[in-house]
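Participant: Contents of target.txt (compact mmCIF, C-alpha atoms and all ligand atoms):
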```txt
# COMPACT_ATOMS: atom_id res chain seq x y z
CA MET A 1 -142.92 -50.16 -3.40
CA THR A 2 -144.68 -52.42 -0.92
CA VAL A 3 -143.00 -53.77 2.19
CA ASP A 4 -143.10 -57.30 0.71
CA SER A 5 -141.46 -56.39 -2.56
CA ALA A 6 -138.79 -54.39 -0.66
CA SER A 7 -137.91 -57.44 1.41
CA ASP A 8 -137.88 -59.61 -1.75
CA LEU A 9 -135.39 -57.15 -3.18
CA THR A 10 -133.13 -57.18 -0.12
CA ASP A 11 -133.28 -61.02 -0.06
CA GLU A 12 -132.29 -61.14 -3.71
CA LEU A 13 -129.45 -58.64 -3.17
CA GLY A 14 -128.30 -60.57 -0.10
CA ARG A 15 -128.01 -63.75 -2.22
CA LEU A 16 -126.13 -61.91 -4.97
CA TRP A 17 -123.75 -60.17 -2.59
CA ALA A 18 -123.07 -63.40 -0.72
CA GLU A 19 -121.07 -64.54 -3.76
CA TYR A 20 -118.60 -61.69 -3.46
CA ASP A 21 -115.49 -61.72 -1.38
CA LEU A 22 -114.94 -58.35 0.29
CA ASP A 23 -111.16 -58.70 -0.11
CA SER A 24 -111.54 -58.71 -3.90
CA LEU A 25 -113.19 -55.28 -3.62
CA THR A 26 -110.71 -53.91 -1.10
CA SER A 27 -107.98 -51.62 -2.44
CA GLU A 28 -104.49 -53.03 -2.68
CA ALA A 29 -103.38 -50.46 -0.12
CA ALA A 30 -106.02 -51.50 2.41
CA GLN A 31 -105.20 -55.17 1.83
CA TYR A 32 -101.60 -54.30 2.60
CA LEU A 33 -102.63 -53.15 6.09
CA SER A 34 -103.71 -55.59 8.73
CA ALA A 35 -106.93 -54.89 10.61
CA GLY A 36 -106.42 -52.60 13.59
CA THR A 37 -105.74 -48.97 14.23
CA ALA A 38 -102.86 -46.58 14.65
CA THR A 39 -103.05 -47.09 18.40
CA ASP A 40 -102.91 -50.86 18.37
CA TRP A 41 -100.65 -51.22 21.39
CA GLY A 42 -101.05 -54.85 22.24
CA LEU A 43 -103.78 -54.14 24.80
CA SER A 44 -106.71 -56.55 24.67
CA ALA A 45 -109.88 -54.88 23.41
CA VAL A 46 -112.02 -55.90 26.35
CA VAL A 47 -110.36 -55.13 29.62
CA ASP A 48 -112.59 -56.10 32.50
CA TYR A 49 -110.61 -56.29 35.68
CA ALA A 50 -111.74 -55.74 39.26
CA VAL A 51 -109.76 -52.51 39.74
CA PRO A 52 -110.66 -49.57 37.46
CA THR A 53 -107.68 -49.13 35.17
CA ILE A 54 -105.44 -46.08 35.25
CA SER A 55 -104.38 -45.43 31.67
CA LEU A 56 -100.96 -44.06 30.78
CA GLY A 57 -101.76 -44.75 27.15
CA GLY A 58 -102.47 -41.89 24.78
CA GLY A 59 -100.62 -38.66 24.06
CA ILE A 60 -103.63 -36.52 24.88
CA PRO A 61 -103.77 -33.12 26.65
CA ASP A 62 -104.80 -32.84 30.30
CA PRO A 63 -108.65 -33.03 30.31
CA ALA A 64 -109.15 -30.70 33.29
CA SER A 65 -107.12 -27.94 31.59
CA LEU A 66 -108.90 -27.87 28.23
CA PRO A 67 -109.65 -24.19 27.55
CA ARG A 68 -113.38 -24.76 27.11
CA GLU A 69 -114.59 -21.24 27.90
CA GLU A 70 -111.93 -19.56 25.80
CA LEU A 71 -112.78 -21.83 22.86
CA LEU A 72 -116.49 -21.13 23.27
CA ASP A 73 -115.73 -17.46 23.31
CA ALA A 74 -113.55 -17.77 20.22
CA MET A 75 -116.29 -19.76 18.45
CA GLN A 76 -118.80 -17.02 19.18
CA ARG A 77 -116.48 -14.44 17.66
CA ALA A 78 -115.86 -16.75 14.68
CA LEU A 79 -119.59 -16.93 13.99
CA ALA A 80 -120.33 -13.25 14.64
CA PRO A 81 -119.77 -11.81 11.13
CA ALA A 82 -122.97 -11.55 9.08
CA ASP A 83 -121.44 -13.12 5.96
CA ASP A 84 -121.47 -16.88 5.38
CA GLY A 85 -117.65 -17.23 5.34
CA PRO A 86 -117.28 -19.50 8.38
CA LEU A 87 -120.03 -21.80 7.11
CA ARG A 88 -118.92 -22.07 3.48
CA TYR A 89 -116.29 -24.23 1.75
CA GLY A 90 -112.89 -22.89 2.63
CA GLY A 91 -110.63 -23.90 -0.26
CA ALA A 92 -107.60 -26.17 -0.52
CA VAL A 93 -105.08 -24.31 1.66
CA GLY A 94 -107.34 -23.09 4.47
CA PHE A 95 -108.31 -19.80 6.15
CA GLU A 96 -105.78 -17.10 5.24
CA PRO A 97 -105.67 -15.22 8.59
CA LEU A 98 -104.89 -18.45 10.45
CA ARG A 99 -102.05 -19.15 8.01
CA VAL A 100 -100.82 -15.57 8.61
CA ALA A 101 -100.94 -16.21 12.37
CA LEU A 102 -98.96 -19.44 11.92
CA ALA A 103 -96.40 -17.68 9.72
CA ASP A 104 -95.97 -14.96 12.40
CA ARG A 105 -95.55 -17.63 15.05
CA TYR A 106 -92.94 -19.57 13.05
CA THR A 107 -91.09 -16.34 12.25
CA ARG A 108 -91.03 -15.49 15.96
CA ASP A 109 -90.28 -18.97 17.41
CA ARG A 110 -88.58 -21.05 14.75
CA GLY A 111 -85.90 -18.64 13.63
CA ARG A 112 -86.72 -18.01 9.98
CA PRO A 113 -89.10 -15.46 8.39
CA VAL A 114 -91.87 -17.27 6.50
CA THR A 115 -95.16 -16.30 4.87
CA PRO A 116 -98.73 -17.70 4.79
CA ALA A 117 -97.87 -19.28 1.42
CA HIS A 118 -95.68 -21.68 3.41
CA PHE A 119 -98.72 -23.20 5.17
CA LEU A 120 -101.57 -25.50 4.23
CA LEU A 121 -104.17 -26.42 6.88
CA THR A 122 -105.00 -30.10 7.29
CA ASN A 123 -107.00 -32.59 9.32
CA GLY A 124 -104.52 -32.77 12.20
CA SER A 125 -100.88 -33.62 11.65
CA ALA A 126 -101.95 -37.18 10.81
CA GLY A 127 -103.84 -35.64 7.86
CA ALA A 128 -100.74 -33.60 6.99
CA ILE A 129 -98.55 -36.70 6.90
CA ASP A 130 -101.08 -38.62 4.81
CA LEU A 131 -101.25 -35.75 2.31
CA VAL A 132 -97.45 -35.52 2.09
CA CYS A 133 -97.39 -39.26 1.34
CA SER A 134 -100.04 -38.84 -1.38
CA ALA A 135 -98.08 -36.03 -2.97
CA PHE A 136 -94.56 -37.49 -2.85
CA LEU A 137 -94.64 -41.28 -2.45
CA SER A 138 -95.43 -44.10 -4.85
CA PRO A 139 -95.82 -47.79 -4.02
CA GLY A 140 -92.41 -49.40 -3.51
CA ASP A 141 -90.65 -46.18 -2.44
CA VAL A 142 -88.54 -46.34 0.69
CA VAL A 143 -89.25 -44.19 3.74
CA ILE A 144 -86.57 -44.00 6.40
CA ALA A 145 -87.81 -43.58 9.97
CA GLU A 146 -86.32 -43.64 13.43
CA ALA A 147 -86.61 -46.85 15.43
CA PRO A 148 -88.72 -46.49 17.50
CA SER A 149 -91.23 -44.12 15.86
CA PHE A 150 -94.85 -43.00 16.12
CA SER A 151 -96.99 -46.05 15.30
CA GLY A 152 -99.67 -43.98 13.52
CA SER A 153 -97.22 -42.64 10.95
CA LEU A 154 -95.65 -46.06 10.39
CA ARG A 155 -99.13 -47.28 9.55
CA THR A 156 -99.69 -44.35 7.19
CA PHE A 157 -96.47 -45.19 5.31
CA ARG A 158 -97.56 -48.80 4.99
CA GLY A 159 -100.97 -47.68 3.77
CA HIS A 160 -99.19 -45.88 0.95
CA GLN A 161 -97.52 -49.18 0.06
CA THR A 162 -94.05 -47.92 0.82
CA GLU A 163 -91.33 -49.80 2.62
CA VAL A 164 -90.15 -48.41 5.94
CA VAL A 165 -86.46 -48.84 6.71
CA THR A 166 -85.37 -47.81 10.19
CA VAL A 167 -82.34 -46.12 11.67
CA SER A 168 -81.65 -46.40 15.39
CA MET A 169 -81.65 -43.43 17.77
CA ASP A 170 -80.65 -42.40 21.27
CA HIS A 171 -81.39 -39.43 23.50
CA GLN A 172 -79.67 -37.12 20.98
CA GLY A 173 -82.08 -38.23 18.23
CA MET A 174 -81.49 -40.24 15.06
CA HIS A 175 -78.01 -41.80 14.60
CA THR A 176 -77.02 -39.88 11.51
CA GLU A 177 -73.84 -41.89 10.84
CA GLU A 178 -76.04 -44.95 10.53
CA LEU A 179 -78.47 -42.94 8.40
CA GLU A 180 -75.68 -42.08 5.99
CA GLN A 181 -74.62 -45.72 5.64
CA THR A 182 -78.23 -46.84 5.24
CA VAL A 183 -78.96 -44.30 2.51
CA GLU A 184 -75.76 -45.19 0.63
CA ARG A 185 -76.56 -48.90 0.82
CA LEU A 186 -80.15 -48.41 -0.39
CA VAL A 187 -79.11 -46.10 -3.22
CA ALA A 188 -76.40 -48.58 -4.30
CA GLU A 189 -79.10 -51.28 -4.40
CA GLY A 190 -81.09 -49.07 -6.75
CA ARG A 191 -83.90 -48.40 -4.24
CA ARG A 192 -85.92 -45.17 -4.46
CA VAL A 193 -85.39 -43.53 -1.08
CA LYS A 194 -87.88 -40.66 -1.09
CA LEU A 195 -88.50 -39.52 2.45
CA ILE A 196 -86.76 -39.37 5.83
CA TYR A 197 -89.38 -39.15 8.57
CA THR A 198 -88.17 -37.74 11.87
CA ILE A 199 -89.76 -36.52 15.09
CA ALA A 200 -86.90 -34.19 15.91
CA ASN A 201 -88.55 -32.40 18.85
CA PHE A 202 -89.54 -34.39 21.97
CA HIS A 203 -89.91 -37.62 20.12
CA ASN A 204 -92.85 -40.00 20.39
CA PRO A 205 -92.16 -42.45 22.02
CA MET A 206 -88.57 -41.72 23.17
CA GLY A 207 -88.90 -38.09 24.30
CA ALA A 208 -85.55 -37.15 22.71
CA ALA A 209 -84.76 -33.81 21.06
CA MET A 210 -82.31 -34.18 18.17
CA SER A 211 -79.01 -32.39 18.78
CA LEU A 212 -78.01 -29.47 16.58
CA SER A 213 -75.04 -31.31 15.08
CA ARG A 214 -77.21 -34.28 14.10
CA ARG A 215 -79.78 -31.91 12.60
CA GLU A 216 -77.07 -30.40 10.41
CA HIS A 217 -75.71 -33.82 9.43
CA LEU A 218 -79.22 -35.07 8.58
CA LEU A 219 -79.86 -32.03 6.35
CA ARG A 220 -76.59 -32.58 4.46
CA ILE A 221 -77.22 -36.29 3.88
CA ALA A 222 -80.77 -35.67 2.65
CA ALA A 223 -79.73 -32.84 0.32
CA ARG A 224 -76.82 -34.83 -1.17
CA HIS A 225 -79.24 -37.61 -2.17
CA GLY A 226 -82.31 -35.49 -2.99
CA ILE A 227 -84.41 -37.07 -0.22
CA LEU A 228 -87.18 -34.98 1.36
CA ILE A 229 -87.25 -34.70 5.15
CA LEU A 230 -90.61 -34.83 6.91
CA ASP A 231 -90.24 -33.33 10.40
CA ASP A 232 -93.25 -34.31 12.51
CA ASP A 233 -93.31 -31.48 15.03
CA ALA A 234 -96.35 -32.40 17.14
CA TYR A 235 -94.55 -31.64 20.44
CA GLY A 236 -92.12 -28.80 19.64
CA ASP A 237 -94.12 -26.24 21.63
CA ILE A 238 -94.35 -28.44 24.74
CA TYR A 239 -90.94 -27.88 26.32
CA PHE A 240 -90.10 -27.68 30.00
CA GLY A 241 -86.93 -25.63 30.08
CA GLU A 242 -85.25 -24.59 26.86
CA ALA A 243 -86.98 -25.03 23.52
CA ALA A 244 -85.48 -27.75 21.26
CA PRO A 245 -82.54 -26.77 19.00
CA ARG A 246 -83.30 -24.71 15.90
CA ALA A 247 -85.99 -26.21 13.64
CA LEU A 248 -84.89 -28.30 10.65
CA SER A 249 -87.03 -26.07 8.40
CA ALA A 250 -85.14 -22.96 9.57
CA LEU A 251 -81.67 -24.56 9.48
CA SER A 252 -82.27 -25.68 5.90
CA GLY A 253 -83.60 -22.31 4.77
CA GLY A 254 -86.64 -24.33 3.66
CA HIS A 255 -84.67 -26.54 1.26
CA GLY A 256 -86.10 -30.05 1.17
CA VAL A 257 -87.82 -29.94 4.57
CA ILE A 258 -91.54 -30.41 5.12
CA THR A 259 -92.87 -29.88 8.65
CA ALA A 260 -96.12 -31.33 9.97
CA GLY A 261 -97.66 -29.30 12.80
CA THR A 262 -100.81 -29.56 14.88
CA PHE A 263 -103.04 -27.89 17.47
CA SER A 264 -103.79 -31.34 18.94
CA LYS A 265 -101.17 -31.33 21.68
CA MET A 266 -101.17 -27.55 22.29
CA ILE A 267 -104.97 -27.29 22.59
CA ALA A 268 -107.05 -30.45 22.00
CA THR A 269 -106.88 -33.56 19.81
CA GLY A 270 -110.58 -33.30 18.95
CA LEU A 271 -110.05 -30.11 16.94
CA ARG A 272 -108.45 -32.10 14.12
CA VAL A 273 -106.62 -29.05 12.80
CA GLY A 274 -102.99 -29.25 11.80
CA TRP A 275 -100.82 -28.00 8.97
CA ILE A 276 -98.08 -28.63 6.46
CA HIS A 277 -95.26 -26.07 6.55
CA ALA A 278 -92.99 -26.10 3.49
CA GLU A 279 -91.80 -24.05 0.54
CA PRO A 280 -94.71 -22.93 -1.69
CA ALA A 281 -93.64 -25.29 -4.52
CA LEU A 282 -93.96 -28.27 -2.16
CA ILE A 283 -97.28 -26.96 -0.81
CA GLU A 284 -98.54 -26.78 -4.40
CA ARG A 285 -97.75 -30.51 -4.91
CA CYS A 286 -99.77 -31.27 -1.79
CA THR A 287 -102.80 -29.28 -2.96
CA ARG A 288 -102.86 -31.41 -6.16
CA MET A 289 -103.62 -34.49 -4.08
CA ARG A 290 -106.21 -32.85 -1.85
CA PHE A 291 -109.61 -34.25 -2.73
CA GLU A 292 -111.73 -33.68 0.40
CA MET A 293 -112.44 -29.94 -0.09
CA GLY A 294 -110.20 -28.83 2.78
CA ASN A 295 -111.00 -29.11 6.48
CA SER A 296 -113.37 -27.00 8.57
CA PRO A 297 -113.30 -23.23 7.83
CA LEU A 298 -115.36 -22.75 10.98
CA LEU A 299 -112.70 -24.32 13.19
CA HIS A 300 -109.95 -22.41 11.39
CA ARG A 301 -111.73 -19.18 12.36
CA MET A 302 -112.27 -20.32 15.91
CA ILE A 303 -108.59 -21.18 16.35
CA TYR A 304 -107.58 -17.92 14.71
CA GLU A 305 -109.71 -16.01 17.26
CA PHE A 306 -108.15 -18.10 20.05
CA MET A 307 -104.64 -17.17 18.87
CA LYS A 308 -105.29 -13.54 17.95
CA ASP A 309 -105.47 -12.04 21.43
CA GLY A 310 -102.64 -14.12 22.92
CA THR A 311 -104.89 -16.77 24.52
CA LEU A 312 -102.91 -19.61 22.90
CA ASP A 313 -99.61 -18.28 24.22
CA ARG A 314 -101.01 -17.90 27.73
CA HIS A 315 -102.52 -21.38 27.58
CA LEU A 316 -99.23 -22.86 26.41
CA GLU A 317 -97.31 -21.24 29.25
CA LYS A 318 -99.66 -22.92 31.73
CA MET A 319 -99.50 -26.26 29.95
CA ARG A 320 -95.69 -26.31 29.87
CA SER A 321 -95.48 -25.96 33.65
CA LEU A 322 -98.34 -28.40 34.20
CA TYR A 323 -96.70 -31.14 32.09
CA ALA A 324 -93.31 -30.49 33.66
CA GLU A 325 -94.92 -30.96 37.08
CA LYS A 326 -96.75 -34.11 35.98
CA LEU A 327 -93.52 -35.58 34.63
CA ASP A 328 -91.79 -34.83 37.95
CA ILE A 329 -94.60 -36.51 39.87
CA LEU A 330 -94.48 -39.65 37.72
CA ALA A 331 -90.68 -39.81 37.66
CA SER A 332 -90.25 -39.42 41.43
CA ALA A 333 -93.03 -41.93 42.18
CA MET A 334 -91.33 -44.36 39.81
CA HIS A 335 -88.03 -43.89 41.61
CA GLU A 336 -89.87 -44.71 44.82
CA TYR A 337 -91.88 -47.73 43.65
CA CYS A 338 -90.22 -49.20 40.57
CA GLU A 339 -86.54 -48.41 40.95
CA PRO A 340 -84.83 -51.79 40.75
CA TYR A 341 -86.94 -52.95 37.84
CA LEU A 342 -86.55 -50.27 35.25
CA SER A 343 -84.72 -47.13 34.16
CA PHE A 344 -85.56 -44.02 32.17
CA LYS A 345 -84.27 -40.61 31.20
CA LYS A 346 -86.56 -37.65 31.84
CA PRO A 347 -87.41 -35.87 28.58
CA ALA A 348 -87.12 -32.08 28.24
CA GLY A 349 -90.54 -31.83 26.61
CA GLY A 350 -93.45 -33.73 25.08
CA PHE A 351 -95.85 -36.19 26.68
CA PHE A 352 -93.89 -39.45 27.06
CA LEU A 353 -91.52 -41.37 29.27
CA TRP A 354 -89.72 -44.21 27.47
CA VAL A 355 -88.90 -46.85 30.01
CA THR A 356 -86.25 -49.58 29.70
CA LEU A 357 -86.99 -52.77 31.62
CA ARG A 358 -84.26 -54.55 33.48
CA ASP A 359 -82.95 -57.93 32.29
CA GLY A 360 -85.43 -60.73 32.74
CA LEU A 361 -88.51 -58.50 32.72
CA THR A 362 -90.41 -58.53 29.43
CA ALA A 363 -92.77 -55.81 28.25
CA ASP A 364 -95.45 -58.41 27.46
CA ALA A 365 -95.32 -59.86 30.97
CA LEU A 366 -95.32 -56.38 32.52
CA GLN A 367 -98.28 -55.23 30.45
CA ALA A 368 -100.28 -58.31 31.46
CA ALA A 369 -99.37 -57.89 35.14
CA GLY A 370 -100.13 -54.17 34.86
CA LEU A 371 -103.65 -54.86 33.66
CA GLU A 372 -104.19 -57.14 36.65
CA GLU A 373 -102.94 -54.38 38.97
CA GLY A 374 -105.11 -51.78 37.21
CA ILE A 375 -102.68 -49.88 35.01
CA SER A 376 -102.44 -49.86 31.21
CA PHE A 377 -99.76 -48.61 28.81
CA PRO A 378 -98.41 -49.52 25.39
CA ILE A 379 -95.59 -51.97 24.83
CA GLY A 380 -92.39 -50.66 23.25
CA TYR A 381 -92.52 -52.94 20.23
CA ALA A 382 -95.75 -51.28 19.02
CA PHE A 383 -93.47 -48.42 17.90
CA PHE A 384 -91.36 -50.52 15.53
CA PRO A 385 -92.47 -51.28 11.95
CA ASN A 386 -92.46 -55.08 12.33
CA ARG A 387 -93.50 -54.96 15.96
CA ILE A 388 -90.06 -56.17 17.02
CA ASP A 389 -88.19 -53.99 19.51
CA THR A 390 -84.64 -54.33 18.29
CA THR A 391 -83.33 -52.23 21.17
CA GLY A 392 -84.46 -54.18 24.27
CA GLU A 393 -87.62 -54.40 26.37
CA HIS A 394 -89.54 -51.14 26.75
CA ILE A 395 -92.85 -49.61 27.68
CA ARG A 396 -94.11 -46.08 26.98
CA LEU A 397 -95.83 -44.08 29.69
CA ALA A 398 -97.80 -40.95 28.75
CA PHE A 399 -98.01 -38.47 31.63
CA SER A 400 -100.10 -35.78 29.89
CA TRP A 401 -103.70 -36.99 30.29
CA THR A 402 -103.65 -38.81 33.64
CA SER A 403 -104.39 -36.80 36.80
CA LYS A 404 -101.59 -36.09 39.28
CA ASP A 405 -103.10 -38.45 41.87
CA ASP A 406 -103.46 -41.21 39.30
CA LEU A 407 -99.85 -40.73 38.17
CA ARG A 408 -98.68 -41.41 41.74
CA GLU A 409 -101.04 -44.34 42.15
CA GLY A 410 -100.15 -45.58 38.65
CA ALA A 411 -96.45 -45.72 39.57
CA ARG A 412 -97.33 -47.65 42.73
CA ARG A 413 -99.33 -50.15 40.69
CA LEU A 414 -96.53 -50.37 38.14
CA GLY A 415 -94.12 -51.26 40.94
CA ARG A 416 -96.42 -54.07 42.06
CA ALA A 417 -96.83 -55.20 38.45
CA CYS A 418 -93.04 -55.39 38.10
CA GLU A 419 -92.85 -57.63 41.18
CA ARG A 420 -95.67 -59.80 39.91
CA ALA A 421 -94.12 -60.14 36.44
CA ILE A 422 -90.65 -60.93 37.83
CA GLU A 423 -92.08 -63.54 40.21
CA ARG A 424 -93.82 -65.17 37.29
CA VAL A 425 -90.71 -65.21 35.15
CA SER A 426 -88.52 -66.62 37.93
CA GLY A 427 -91.29 -69.00 39.06
CA GLY A 428 -91.55 -70.23 35.47
CA HIS A 429 -95.27 -69.36 35.08
C1 LIG B 501 -95.58 -37.76 16.69
C2 LIG B 501 -97.03 -37.60 16.36
N1 LIG B 501 -97.38 -37.20 15.14
C3 LIG B 501 -98.67 -37.05 14.81
C4 LIG B 501 -99.68 -37.34 15.69
C5 LIG B 501 -101.09 -37.16 15.22
O1 LIG B 501 -101.64 -36.04 15.80
P1 LIG B 501 -102.84 -35.21 15.20
O2 LIG B 501 -103.28 -35.86 13.93
O3 LIG B 501 -103.89 -35.24 16.25
O4 LIG B 501 -102.30 -33.85 14.97
C6 LIG B 501 -99.37 -37.77 16.96
C7 LIG B 501 -100.43 -38.13 17.91
O5 LIG B 501 -100.22 -38.80 18.89
C8 LIG B 501 -98.00 -37.91 17.31
O6 LIG B 501 -97.63 -38.32 18.53
```
Could I get this structure in the form of structure tokens?
Facilitator:
Amino acid sequence: MTVDSASDLTDELGRLWAEYDLDSLTSEAAQYLSAGTATDWGLSAVVDYAVPTISLGGGIPDPASLPREELLDAMQRALAPADDGPLRYGGAVGFEPLRVALADRYTRDRGRPVTPAHFLLTNGSAGAIDLVCSAFLSPGDVVIAEAPSFSGSLRTFRGHQTEVVTVSMDHQGMHTEELEQTVERLVAEGRRVKLIYTIANFHNPMGAAMSLSRREHLLRIAARHGILILDDDAYGDIYFGEAAPRALSALSGGHGVITAGTFSKMIATGLRVGWIHAEPALIERCTRMRFEMGNSPLLHRMIYEFMKDGTLDRHLEKMRSLYAEKLDILASAMHEYCEPYLSFKKPAGGFFLWVTLRDGLTADALQAAGLEEGISFPIGYAFFPNRIDTTGEHIRLAFSWTSKDDLREGARRLGRACERAIERVSGGH
């Protein structure tokens, strides 16, 4: 084909395609979602202020502590065998020895003996949650979630054309009395309530760990109505003193509980390796809806090597004390610089501080003033399904990624931003 005839062709195709409306080709599910991403936190896309911004935005591990050398070492060992295993398709459930290692870990730490058949490896826990939705939810089904909840998962539920109904929570986790009433009301209305989504351990964004009595109540309510529980356990291994109360999966003896897990917060978000932990019959339903040939067998082997000799456990020990120290630094600097303007309760694990603003200070005004002072963070309402914070005015501060110096400086800037925002509100600007 000559260059001229090729450009004639593209001109002709351009004219033909101009008649089509992309929305008519877009799936119903994608039309259901607005443009944007899971981390659409109300921050403007282009932030160009004089002071370089300190971000307290994402739940991402500390960059200086990433175990680069140990991972490189593990990768070398993963690639050492002469066979093509690490570089070949890995199947729907993922690399067996890594699933054995996970089963051993759960048996040791989560209080119930389980087997590799209870695990399926996924593309992060976000991939796990998406796959659970594909396997168990149909358009129009109801998912119950805590308010607030992780914005990424709320978006996933919407993408599966389900309706999210929320139940409020406090620092003991989901209000299960309210859950019970909500479920009874929905069932009486003839709605199909299929899934209760909870982040029982060191919640994102609230930091709460659900109490044992609420865990037991939740399990009873779900079982009475035949509703699956999806426990998103991204932060369960990041605790600062005691671990969270016994896992929902262990308390239930596996009945009706699916757990999503991940290496993202323990090691690095870029690995994109997570898992579904559930009874084998539930795992089998998930494999039916798996169409992307599994995720990377090479990374499964690398992570297996990283776990095998205890490197993961040693790394986690260090990370727990690092994040506890970072939280202390942020919390004490906030007491110093921001005290009259806001309040918070220190979490016992995880990456986040959920901050309540005092009367008269709005999260929108504080975020805008924060950007002018050189600090960015998400607004509380980004963690509610309709972007309405029904519980007050909040912001979420992540202390995991930011350096210790920047945490101190960030709190100082936040204090100034509070003053600026309050002045504006009282000055009527
Ligand atoms: C509660 C929760 N679940 C799931 C995820 C997704 O993590 P990943 O897909 O990296 O495992 C995150 C990430 O921030 C999270 O906070």
Participant: Got a sec to check which residues lie within 10 Å of ligand LIG 501 (chain B), using all atoms listed in the file, and send them as a ChimeraX atom specification?
Facilitator: /A:38-39,58-60,122-130,149-153,198-205,231-235,260-266,268-275,350-352
Participant: Per residue of segment 214-248 of chain A within 7 Å of segment 174-177 of chain A, which atom pair is closest and at what distance in Å (one decimal), using all atoms listed in the file, listed by chain and increasing number, as a Markdown table?
Facilitator:
```
| residue | atom | partner | partner_atom | distance |
| --- | --- | --- | --- | --- |
| A:Arg214 | CA | A:Thr176 | CA | 6.2 |
| A:His217 | CA | A:Thr176 | CA | 6.5 |
| A:Leu218 | CA | A:Thr176 | CA | 6.0 |
```
Participant: What gap, in Å, lies between atom CA of Gly226 of chain A and atom CA of Phe136 of chain A?
Facilitator: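 Going from atom CA of Gly226 of chain A over to atom CA of Phe136 of chain A covers 12.4 Å.
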Participant: Please identify all polymer residues within 12 Å of segment 96-99 of chain A, counting only C-alpha atoms, omitting same-chain residues fewer than 5 positions from it, and present them as number ranges by chain.
Facilitator: A: 78, 85, 90-91, 104-106, 114-122, 263, 273-277, 297-308
Participant: Atom CA of Leu66 of chain A and atom CA of Arg88 of chain A are how many Å apart?
Facilitator: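 Result for atom CA of Leu66 of chain A versus atom CA of Arg88 of chain A: 27.3 Å, one decimal.
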Participant: Please indicate the distance in Å from atom CA of Glu216 of chain A to atom CA of Leu251 of chain A, rounded to one decimal place.
Facilitator: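 Taking atom CA of Glu216 of chain A and atom CA of Leu251 of chain A, their separation equals 7.5 Å.
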Participant: Rank nothing, just name the residue among A:Ala348, A:Leu353, A:Met319, A:Ala247 nearest to Gly111 of chain A, using all atoms listed in the file.
Facilitator: A:Ala247
Participant: Measuring between all atoms listed in the file, which one of A:Ser211, A:Ser332, A:Thr259, A:Ser65 shows the shortest distance to Leu228 of chain A?
Facilitator: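 Closest residue, counting all atoms listed in the file: A:Thr259.
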Participant: Fewer than 3 positions away in the same chain doesn't count, so skip those; otherwise give me all residues within 9 Å of segment 377-385 of chain A, counting only C-alpha atoms, as a PyMOL selection string.
Facilitator: chain A and resi 39-43+54-58+146-152+154-155+158+164-166+204-205+354-356+363-364+366-367+370-371+388-390+392-398
